[in-house]
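Novice: I am sharing entry_27.pdb, which consists of PDB, C-alpha atoms:
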```
ATOM      1  CA  MET A   1     127.663 136.389 271.316  1.00  0.00           C
ATOM      2  CA  THR A   2     128.661 134.873 267.937  1.00  0.00           C
ATOM      3  CA  ASP A   3     129.889 131.288 267.588  1.00  0.00           C
ATOM      4  CA  ARG A   4     132.665 131.149 264.936  1.00  0.00           C
ATOM      5  CA  SER A   5     133.532 127.484 265.131  1.00  0.00           C
ATOM      6  CA  PRO A   6     134.272 125.505 261.943  1.00  0.00           C
ATOM      7  CA  GLY A   7     131.204 123.331 262.617  1.00  0.00           C
ATOM      8  CA  THR A   8     128.898 126.343 262.574  1.00  0.00           C
ATOM      9  CA  ALA A   9     130.426 127.553 259.315  1.00  0.00           C
ATOM     10  CA  LEU A  10     129.789 124.152 257.701  1.00  0.00           C
ATOM     11  CA  VAL A  11     126.167 124.196 258.850  1.00  0.00           C
ATOM     12  CA  TRP A  12     125.672 127.667 257.332  1.00  0.00           C
ATOM     13  CA  LEU A  13     127.370 126.564 254.089  1.00  0.00           C
ATOM     14  CA  ALA A  14     125.182 123.453 253.824  1.00  0.00           C
ATOM     15  CA  ALA A  15     122.063 125.554 254.454  1.00  0.00           C
ATOM     16  CA  ALA A  16     123.078 128.020 251.741  1.00  0.00           C
ATOM     17  CA  VAL A  17     123.704 125.254 249.202  1.00  0.00           C
ATOM     18  CA  LEU A  18     120.403 123.553 250.049  1.00  0.00           C
ATOM     19  CA  GLY A  19     118.564 126.869 249.846  1.00  0.00           C
ATOM     20  CA  GLY A  20     120.078 127.624 246.441  1.00  0.00           C
ATOM     21  CA  PHE A  21     119.104 124.195 245.183  1.00  0.00           C
ATOM     22  CA  LEU A  22     115.523 124.643 246.386  1.00  0.00           C
ATOM     23  CA  LEU A  23     115.295 128.056 244.756  1.00  0.00           C
ATOM     24  CA  LEU A  24     116.478 126.612 241.456  1.00  0.00           C
ATOM     25  CA  ARG A  25     114.042 123.676 241.652  1.00  0.00           C
ATOM     26  CA  LEU A  26     111.086 125.835 242.624  1.00  0.00           C
ATOM     27  CA  GLY A  27     111.956 128.419 240.013  1.00  0.00           C
ATOM     28  CA  ASP A  28     111.470 125.990 237.111  1.00  0.00           C
ATOM     29  CA  GLY A  29     107.772 125.301 237.546  1.00  0.00           C
ATOM     30  CA  GLY A  30     107.266 124.914 241.252  1.00  0.00           C
ATOM     31  CA  GLY A  31     109.031 121.577 241.400  1.00  0.00           C
ATOM     32  CA  GLN A  32     105.905 119.903 240.011  1.00  0.00           C
ATOM     33  CA  GLY A  33     106.097 116.967 237.675  1.00  0.00           C
ATOM     34  CA  GLU A  34     108.968 114.707 236.964  1.00  0.00           C
ATOM     35  CA  ALA A  35     112.235 115.982 235.540  1.00  0.00           C
ATOM     36  CA  PRO A  36     112.894 114.763 231.988  1.00  0.00           C
ATOM     37  CA  ARG A  37     115.081 111.713 231.812  1.00  0.00           C
ATOM     38  CA  PRO A  38     118.203 111.815 229.657  1.00  0.00           C
ATOM     39  CA  VAL A  39     118.421 109.666 226.542  1.00  0.00           C
ATOM     40  CA  ARG A  40     121.107 107.003 226.769  1.00  0.00           C
ATOM     41  CA  ILE A  41     123.125 106.088 223.730  1.00  0.00           C
ATOM     42  CA  ALA A  42     122.729 102.430 222.817  1.00  0.00           C
ATOM     43  CA  GLY A  43     125.615 100.215 223.770  1.00  0.00           C
ATOM     44  CA  GLY A  44     125.863 101.635 227.281  1.00  0.00           C
ATOM     45  CA  ALA A  45     129.180 103.362 226.636  1.00  0.00           C
ATOM     46  CA  GLY A  46     129.646 106.853 227.935  1.00  0.00           C
ATOM     47  CA  PRO A  47     127.429 109.192 229.883  1.00  0.00           C
ATOM     48  CA  PRO A  48     123.812 109.873 228.917  1.00  0.00           C
ATOM     49  CA  ALA A  49     123.260 112.354 226.116  1.00  0.00           C
ATOM     50  CA  ARG A  50     122.510 115.897 227.248  1.00  0.00           C
ATOM     51  CA  ARG A  51     118.945 117.054 226.919  1.00  0.00           C
ATOM     52  CA  ALA A  52     118.841 119.480 224.009  1.00  0.00           C
ATOM     53  CA  GLY A  53     115.553 121.021 225.034  1.00  0.00           C
ATOM     54  CA  PRO A  54     112.331 121.403 223.092  1.00  0.00           C
ATOM     55  CA  THR A  55     114.177 122.411 219.927  1.00  0.00           C
ATOM     56  CA  GLY A  56     116.363 119.297 219.806  1.00  0.00           C
ATOM     57  CA  ASN A  57     115.808 116.337 217.490  1.00  0.00           C
ATOM     58  CA  LEU A  58     115.997 112.674 218.415  1.00  0.00           C
ATOM     59  CA  VAL A  59     117.764 110.753 215.629  1.00  0.00           C
ATOM     60  CA  HIS A  60     118.425 107.009 215.214  1.00  0.00           C
ATOM     61  CA  VAL A  61     121.967 106.448 213.938  1.00  0.00           C
ATOM     62  CA  ALA A  62     122.586 102.914 212.670  1.00  0.00           C
ATOM     63  CA  GLY A  63     125.149 100.997 210.681  1.00  0.00           C
ATOM     64  CA  ALA A  64     128.902 101.556 210.745  1.00  0.00           C
ATOM     65  CA  VAL A  65     129.199 103.825 213.812  1.00  0.00           C
ATOM     66  CA  ARG A  66     130.863 103.140 217.153  1.00  0.00           C
ATOM     67  CA  ARG A  67     127.699 103.467 219.293  1.00  0.00           C
ATOM     68  CA  PRO A  68     124.588 102.924 217.142  1.00  0.00           C
ATOM     69  CA  GLY A  69     121.332 104.026 218.712  1.00  0.00           C
ATOM     70  CA  LEU A  70     119.388 107.148 219.616  1.00  0.00           C
ATOM     71  CA  VAL A  71     121.163 110.486 219.842  1.00  0.00           C
ATOM     72  CA  ARG A  72     119.826 113.970 220.481  1.00  0.00           C
ATOM     73  CA  VAL A  73     121.054 116.742 218.200  1.00  0.00           C
ATOM     74  CA  PRO A  74     120.139 120.428 218.057  1.00  0.00           C
ATOM     75  CA  GLN A  75     117.371 121.405 215.670  1.00  0.00           C
ATOM     76  CA  GLY A  76     118.890 122.131 212.276  1.00  0.00           C
ATOM     77  CA  ALA A  77     121.875 119.826 212.909  1.00  0.00           C
ATOM     78  CA  ARG A  78     123.579 118.019 210.046  1.00  0.00           C
ATOM     79  CA  VAL A  79     124.134 114.297 209.456  1.00  0.00           C
ATOM     80  CA  ALA A  80     127.799 114.790 210.454  1.00  0.00           C
ATOM     81  CA  VAL A  81     126.721 115.912 213.951  1.00  0.00           C
ATOM     82  CA  ALA A  82     124.456 112.868 214.386  1.00  0.00           C
ATOM     83  CA  VAL A  83     127.276 110.513 213.329  1.00  0.00           C
ATOM     84  CA  ARG A  84     129.700 112.240 215.711  1.00  0.00           C
ATOM     85  CA  ARG A  85     127.200 111.956 218.609  1.00  0.00           C
ATOM     86  CA  ALA A  86     126.975 108.218 217.877  1.00  0.00           C
ATOM     87  CA  GLY A  87     130.692 107.893 218.603  1.00  0.00           C
ATOM     88  CA  GLY A  88     131.904 108.639 215.102  1.00  0.00           C
ATOM     89  CA  PRO A  89     132.314 106.299 212.167  1.00  0.00           C
ATOM     90  CA  ALA A  90     133.385 102.724 212.818  1.00  0.00           C
ATOM     91  CA  ARG A  91     136.303 101.160 211.009  1.00  0.00           C
ATOM     92  CA  GLY A  92     135.273 100.495 207.428  1.00  0.00           C
ATOM     93  CA  ALA A  93     132.495 103.103 207.346  1.00  0.00           C
ATOM     94  CA  ASP A  94     131.826 104.562 203.910  1.00  0.00           C
ATOM     95  CA  LEU A  95     131.168 108.230 204.714  1.00  0.00           C
ATOM     96  CA  ASP A  96     131.510 109.201 201.059  1.00  0.00           C
ATOM     97  CA  SER A  97     128.124 107.604 200.382  1.00  0.00           C
ATOM     98  CA  LEU A  98     126.388 109.910 202.895  1.00  0.00           C
ATOM     99  CA  ASN A  99     125.545 113.548 202.503  1.00  0.00           C
ATOM    100  CA  LEU A 100     127.150 114.684 205.749  1.00  0.00           C
ATOM    101  CA  ALA A 101     125.868 118.220 205.171  1.00  0.00           C
ATOM    102  CA  ALA A 102     122.181 117.194 204.974  1.00  0.00           C
ATOM    103  CA  ARG A 103     119.983 118.409 207.818  1.00  0.00           C
ATOM    104  CA  VAL A 104     118.376 115.761 210.031  1.00  0.00           C
ATOM    105  CA  ASP A 105     114.775 115.796 211.189  1.00  0.00           C
ATOM    106  CA  ASP A 106     113.294 114.594 214.462  1.00  0.00           C
ATOM    107  CA  GLY A 107     112.648 110.857 214.289  1.00  0.00           C
ATOM    108  CA  GLN A 108     114.883 110.331 211.272  1.00  0.00           C
ATOM    109  CA  GLN A 109     117.152 107.332 210.847  1.00  0.00           C
ATOM    110  CA  VAL A 110     120.674 107.846 209.528  1.00  0.00           C
ATOM    111  CA  VAL A 111     122.320 104.659 208.250  1.00  0.00           C
ATOM    112  CA  VAL A 112     126.094 104.755 207.860  1.00  0.00           C
ATOM    113  CA  PRO A 113     127.027 102.031 205.347  1.00  0.00           C
ATOM    114  CA  SER A 114     130.183  99.970 205.443  1.00  0.00           C
ATOM    115  CA  ALA A 115     132.504  99.918 202.473  1.00  0.00           C
ATOM    116  CA  GLY A 116     131.675  96.761 200.559  1.00  0.00           C
ATOM    117  CA  PRO A 117     134.109  94.297 199.041  1.00  0.00           C
ATOM    118  CA  GLY A 118     134.345  96.549 195.992  1.00  0.00           C
ATOM    119  CA  GLY A 119     135.873  99.282 198.169  1.00  0.00           C
ATOM    120  CA  PRO A 120     134.510 102.664 199.162  1.00  0.00           C
ATOM    121  CA  GLY A 121     131.445 103.641 197.205  1.00  0.00           C
ATOM    122  CA  ALA A 122     130.296 100.092 196.545  1.00  0.00           C
ATOM    123  CA  ALA A 123     127.751 100.330 199.364  1.00  0.00           C
ATOM    124  CA  ALA A 124     126.502 103.635 198.000  1.00  0.00           C
ATOM    125  CA  ALA A 125     124.595 101.890 195.217  1.00  0.00           C
ATOM    126  CA  LYS A 126     121.413 102.013 197.332  1.00  0.00           C
ATOM    127  CA  PRO A 127     120.377 105.437 198.657  1.00  0.00           C
ATOM    128  CA  SER A 128     119.046 105.548 202.219  1.00  0.00           C
ATOM    129  CA  LEU A 129     115.319 106.182 202.518  1.00  0.00           C
ATOM    130  CA  GLY A 130     116.029 108.115 205.730  1.00  0.00           C
ATOM    131  CA  THR A 131     118.453 110.625 204.186  1.00  0.00           C
ATOM    132  CA  ALA A 132     118.029 110.632 200.391  1.00  0.00           C
ATOM    133  CA  THR A 133     117.190 113.984 198.824  1.00  0.00           C
ATOM    134  CA  ALA A 134     114.431 114.401 196.251  1.00  0.00           C
ATOM    135  CA  GLU A 135     117.123 114.593 193.568  1.00  0.00           C
ATOM    136  CA  GLU A 136     118.688 111.282 194.699  1.00  0.00           C
ATOM    137  CA  LEU A 137     115.272 109.598 194.800  1.00  0.00           C
ATOM    138  CA  ASP A 138     114.436 110.968 191.341  1.00  0.00           C
ATOM    139  CA  GLY A 139     117.482 109.103 190.015  1.00  0.00           C
ATOM    140  CA  ILE A 140     115.959 105.730 190.980  1.00  0.00           C
ATOM    141  CA  ASP A 141     114.157 103.827 188.251  1.00  0.00           C
ATOM    142  CA  GLY A 142     110.406 104.063 188.867  1.00  0.00           C
ATOM    143  CA  ILE A 143     110.528 107.356 190.794  1.00  0.00           C
ATOM    144  CA  GLY A 144     110.067 110.635 188.997  1.00  0.00           C
ATOM    145  CA  PRO A 145     110.430 114.147 190.393  1.00  0.00           C
ATOM    146  CA  THR A 146     106.815 114.333 191.635  1.00  0.00           C
ATOM    147  CA  LEU A 147     106.942 111.021 193.495  1.00  0.00           C
ATOM    148  CA  ALA A 148     110.393 111.843 194.887  1.00  0.00           C
ATOM    149  CA  GLN A 149     109.015 115.070 196.334  1.00  0.00           C
ATOM    150  CA  ARG A 150     106.022 113.202 197.838  1.00  0.00           C
ATOM    151  CA  ILE A 151     108.376 110.731 199.530  1.00  0.00           C
ATOM    152  CA  VAL A 152     110.487 113.516 201.052  1.00  0.00           C
ATOM    153  CA  GLU A 153     107.366 115.406 202.199  1.00  0.00           C
ATOM    154  CA  HIS A 154     105.888 112.253 203.771  1.00  0.00           C
ATOM    155  CA  ARG A 155     109.179 111.540 205.541  1.00  0.00           C
ATOM    156  CA  THR A 156     109.265 115.084 206.930  1.00  0.00           C
ATOM    157  CA  GLU A 157     105.605 115.161 207.992  1.00  0.00           C
ATOM    158  CA  SER A 158     105.554 111.686 209.589  1.00  0.00           C
ATOM    159  CA  GLY A 159     108.917 111.933 211.328  1.00  0.00           C
ATOM    160  CA  GLY A 160     110.679 109.497 209.025  1.00  0.00           C
ATOM    161  CA  PHE A 161     110.171 105.968 207.786  1.00  0.00           C
ATOM    162  CA  GLY A 162     110.461 103.076 210.220  1.00  0.00           C
ATOM    163  CA  SER A 163     110.829 100.599 207.359  1.00  0.00           C
ATOM    164  CA  LEU A 164     110.669 100.367 203.580  1.00  0.00           C
ATOM    165  CA  GLN A 165     107.130  98.949 203.942  1.00  0.00           C
ATOM    166  CA  GLU A 166     105.924 102.400 205.074  1.00  0.00           C
ATOM    167  CA  LEU A 167     106.551 103.673 201.530  1.00  0.00           C
ATOM    168  CA  SER A 168     103.141 102.173 200.708  1.00  0.00           C
ATOM    169  CA  GLU A 169     101.610 105.085 202.672  1.00  0.00           C
ATOM    170  CA  VAL A 170     102.894 107.525 200.020  1.00  0.00           C
ATOM    171  CA  ASP A 171     100.337 108.363 197.329  1.00  0.00           C
ATOM    172  CA  GLY A 172     101.417 106.765 194.061  1.00  0.00           C
ATOM    173  CA  ILE A 173     103.268 103.753 195.490  1.00  0.00           C
ATOM    174  CA  GLY A 174     101.403 100.490 195.018  1.00  0.00           C
ATOM    175  CA  ASP A 175     102.471  96.914 195.712  1.00  0.00           C
ATOM    176  CA  LYS A 176     104.429  96.441 192.453  1.00  0.00           C
ATOM    177  CA  ARG A 177     106.307  99.721 192.772  1.00  0.00           C
ATOM    178  CA  LEU A 178     107.010  99.018 196.456  1.00  0.00           C
ATOM    179  CA  GLU A 179     108.610  95.664 195.586  1.00  0.00           C
ATOM    180  CA  ALA A 180     110.814  97.324 192.947  1.00  0.00           C
ATOM    181  CA  LEU A 181     111.844 100.062 195.416  1.00  0.00           C
ATOM    182  CA  ARG A 182     112.816  97.455 198.056  1.00  0.00           C
ATOM    183  CA  GLU A 183     115.624  96.450 195.708  1.00  0.00           C
ATOM    184  CA  ALA A 184     116.694 100.033 194.990  1.00  0.00           C
ATOM    185  CA  LEU A 185     116.634 101.552 198.515  1.00  0.00           C
ATOM    186  CA  GLN A 186     117.993 100.798 201.931  1.00  0.00           C
ATOM    187  CA  PRO A 187     116.131 101.787 205.137  1.00  0.00           C
TER     188      PRO A 187
END
```
Output the structure of this file as structure tokens.

Specialist:
Amino acid sequence: MTDRSPGTALVWLAAAVLGGFLLLRLGDGGGQGEAPRPVRIAGGAGPPARRAGPTGNLVHVAGAVRRPGLVRVPQGARVAVAVRRAGGPARGADLDSLNLAARVDDGQQVVVPSAGPGGPGAAAAKPSLGTATAEELDGIDGIGPTLAQRIVEHRTESGGFGSLQELSEVDGIGDKRLEALREALQP
């Protein structure tokens, strides 16, 4: 004899859902270890960022954006994607001073400057150490093409610069040159 009551149907449905969940959990490594925790965007606004997987990059977006902090972007993503994931530009952001098409690396910092009192472009006088290309660095007094390439390579290999002081780790940058570059670059 078969019991067809609504209560029995709910029990079977709950068992099926639970069974499916267990199959999914056990199918991804036996349920061992702790599930990765999502990265939250600084400022607490919005849901946690989605986990991009092992090919994603973690990027620090600072400056004139709505939610500065850490964002996860797909590998090969551009600066524009990182800015968008940080809530987009804030009022007064000077996006013309950034290369929005530049690719971002894991651990890189992207600084979105504000338009200075001189209007858009005034804040662009100092290239960002986190995003400047070798060509942009070569244009700075005291940096030639060889040193510019060393800086970019060091940034790529080390996962970015945490501060301007870390430039001293690049071969060819001594104390005097470092002090001059502090005036010419922003983090």

Novice: For A:Arg66, which of A:Gly162, A:Pro145, A:Gly130, A:Gly88 is the closest residue, counting only C-alpha atoms?

Specialist: A:Gly88

Novice: If I take atom CA of A:Arg177 and atom CA of A:Leu137, how far is one from the other in Å, to one decimal?

Specialist: 13.5 Å

Novice: Report, in Å with one decimal, the straight-line distance from atom CA of A:Ser163 to atom CA of A:Ala80.

Specialist: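 Taking atom CA of A:Ser163 as the start and atom CA of A:Ala80 as the end point, the length is 22.3 Å.
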
Novice: Could you check how far atom CA of A:Val71 sits from atom CA of A:Ile151, in Å to one decimal?

Specialist: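 We find that atom CA of A:Val71 and atom CA of A:Ile151 lie 24.0 Å from each other.
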
Novice: Quick one: of A:Ala90, A:Val79, A:Ala148, A:Leu100, who's nearest to A:Val65, counting all atoms listed in the file?

Specialist: A:Ala90

Novice: A:Val110, A:Gly160, A:Asp171, A:Glu183: which is nearest A:Asp141, counting only C-alpha atoms?

Specialist: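 For A:Asp141, the nearest of the given residues is A:Glu183.
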
Novice: Given all atoms listed in the file as the basis, pick out the residue of A:Glu166, A:Asp138, A:Asp94, A:Asp106 nearest to A:Glu179.

Specialist: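 Going through A:Glu166, A:Asp138, A:Asp94, A:Asp106 one by one, the smallest distance to A:Glu179 is for A:Glu166.
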
Novice: Show which residues sit within 12 Å of A:Gln149, as a VMD selection string. Count all atoms listed in the file, and ignore same-chain residues fewer than 4 positions away.

Specialist: chain A and resid 132 to 138 143 to 145 153 to 156 170 to 172

Novice: I need the residue nearest A:Glu157 from this list: A:Gln108, A:Gly87, A:Gly76, A:Gly63. Use only C-alpha atoms for the distance.

Specialist: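 Of the candidates, the smallest distance to A:Glu157 is held by A:Gln108.
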
Novice: May I have the residues within 9 Å of A:Pro113 as a PyMOL selection string, using all atoms listed in the file and disregarding those fewer than 5 positions away in the same chain?

Specialist: chain A and resi 62-65+92-95+97-98+123-124

Novice: Keeping C-alpha atoms for every residue in the selection just given, could you write it to a file as a PDB file, in the frame of the given file?

Specialist:
```
ATOM      1  CA  ALA A  62     122.586 102.914 212.670  1.00  0.00           C
ATOM      2  CA  GLY A  63     125.149 100.997 210.681  1.00  0.00           C
ATOM      3  CA  ALA A  64     128.902 101.556 210.745  1.00  0.00           C
ATOM      4  CA  VAL A  65     129.199 103.825 213.812  1.00  0.00           C
ATOM      5  CA  GLY A  92     135.273 100.495 207.428  1.00  0.00           C
ATOM      6  CA  ALA A  93     132.495 103.103 207.346  1.00  0.00           C
ATOM      7  CA  ASP A  94     131.826 104.562 203.910  1.00  0.00           C
ATOM      8  CA  LEU A  95     131.168 108.230 204.714  1.00  0.00           C
ATOM      9  CA  SER A  97     128.124 107.604 200.382  1.00  0.00           C
ATOM     10  CA  LEU A  98     126.388 109.910 202.895  1.00  0.00           C
ATOM     11  CA  ALA A 123     127.751 100.330 199.364  1.00  0.00           C
ATOM     12  CA  ALA A 124     126.502 103.635 198.000  1.00  0.00           C
TER      13      ALA A 124
END
```

Novice: Which residue gives the smallest distance to A:Gly107 among A:Thr8, A:Gln186, A:Thr146, A:Gln75, with all atoms listed in the file counted?

Specialist: A:Gln75

Novice: Take the PyMOL selection byres ((chain A and resi 185) around 10), apply it to the structure above, and return the hits as a list in words.

Specialist: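 What the PyMOL selection byres ((chain A and resi 185) around 10) grabs from the file is Ala125, Lys126, Pro127, Ser128, Leu129, Gly130, Ala132, Leu137, Ile140, Leu164, Ala180, Leu181, Arg182, Glu183, Ala184, Gln186 and Pro187 of chain A.
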
Novice: Residues proximal to (121.6, 105.0, 219.3) were defined as those with any atom within 7 Å of that point in the file's coordinates, counting only C-alpha atoms. Which are they, as a compact mmCIF listing (two decimals) with C-alpha atoms, in the frame of the given file?

Specialist:
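Generated file (selection.txt):
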```txt
# COMPACT_ATOMS: atom_id res chain seq x y z
CA ILE A 41 123.12 106.09 223.73
CA ALA A 42 122.73 102.43 222.82
CA HIS A 60 118.42 107.01 215.21
CA VAL A 61 121.97 106.45 213.94
CA ARG A 67 127.70 103.47 219.29
CA PRO A 68 124.59 102.92 217.14
CA GLY A 69 121.33 104.03 218.71
CA LEU A 70 119.39 107.15 219.62
CA VAL A 71 121.16 110.49 219.84
CA ALA A 86 126.98 108.22 217.88
```
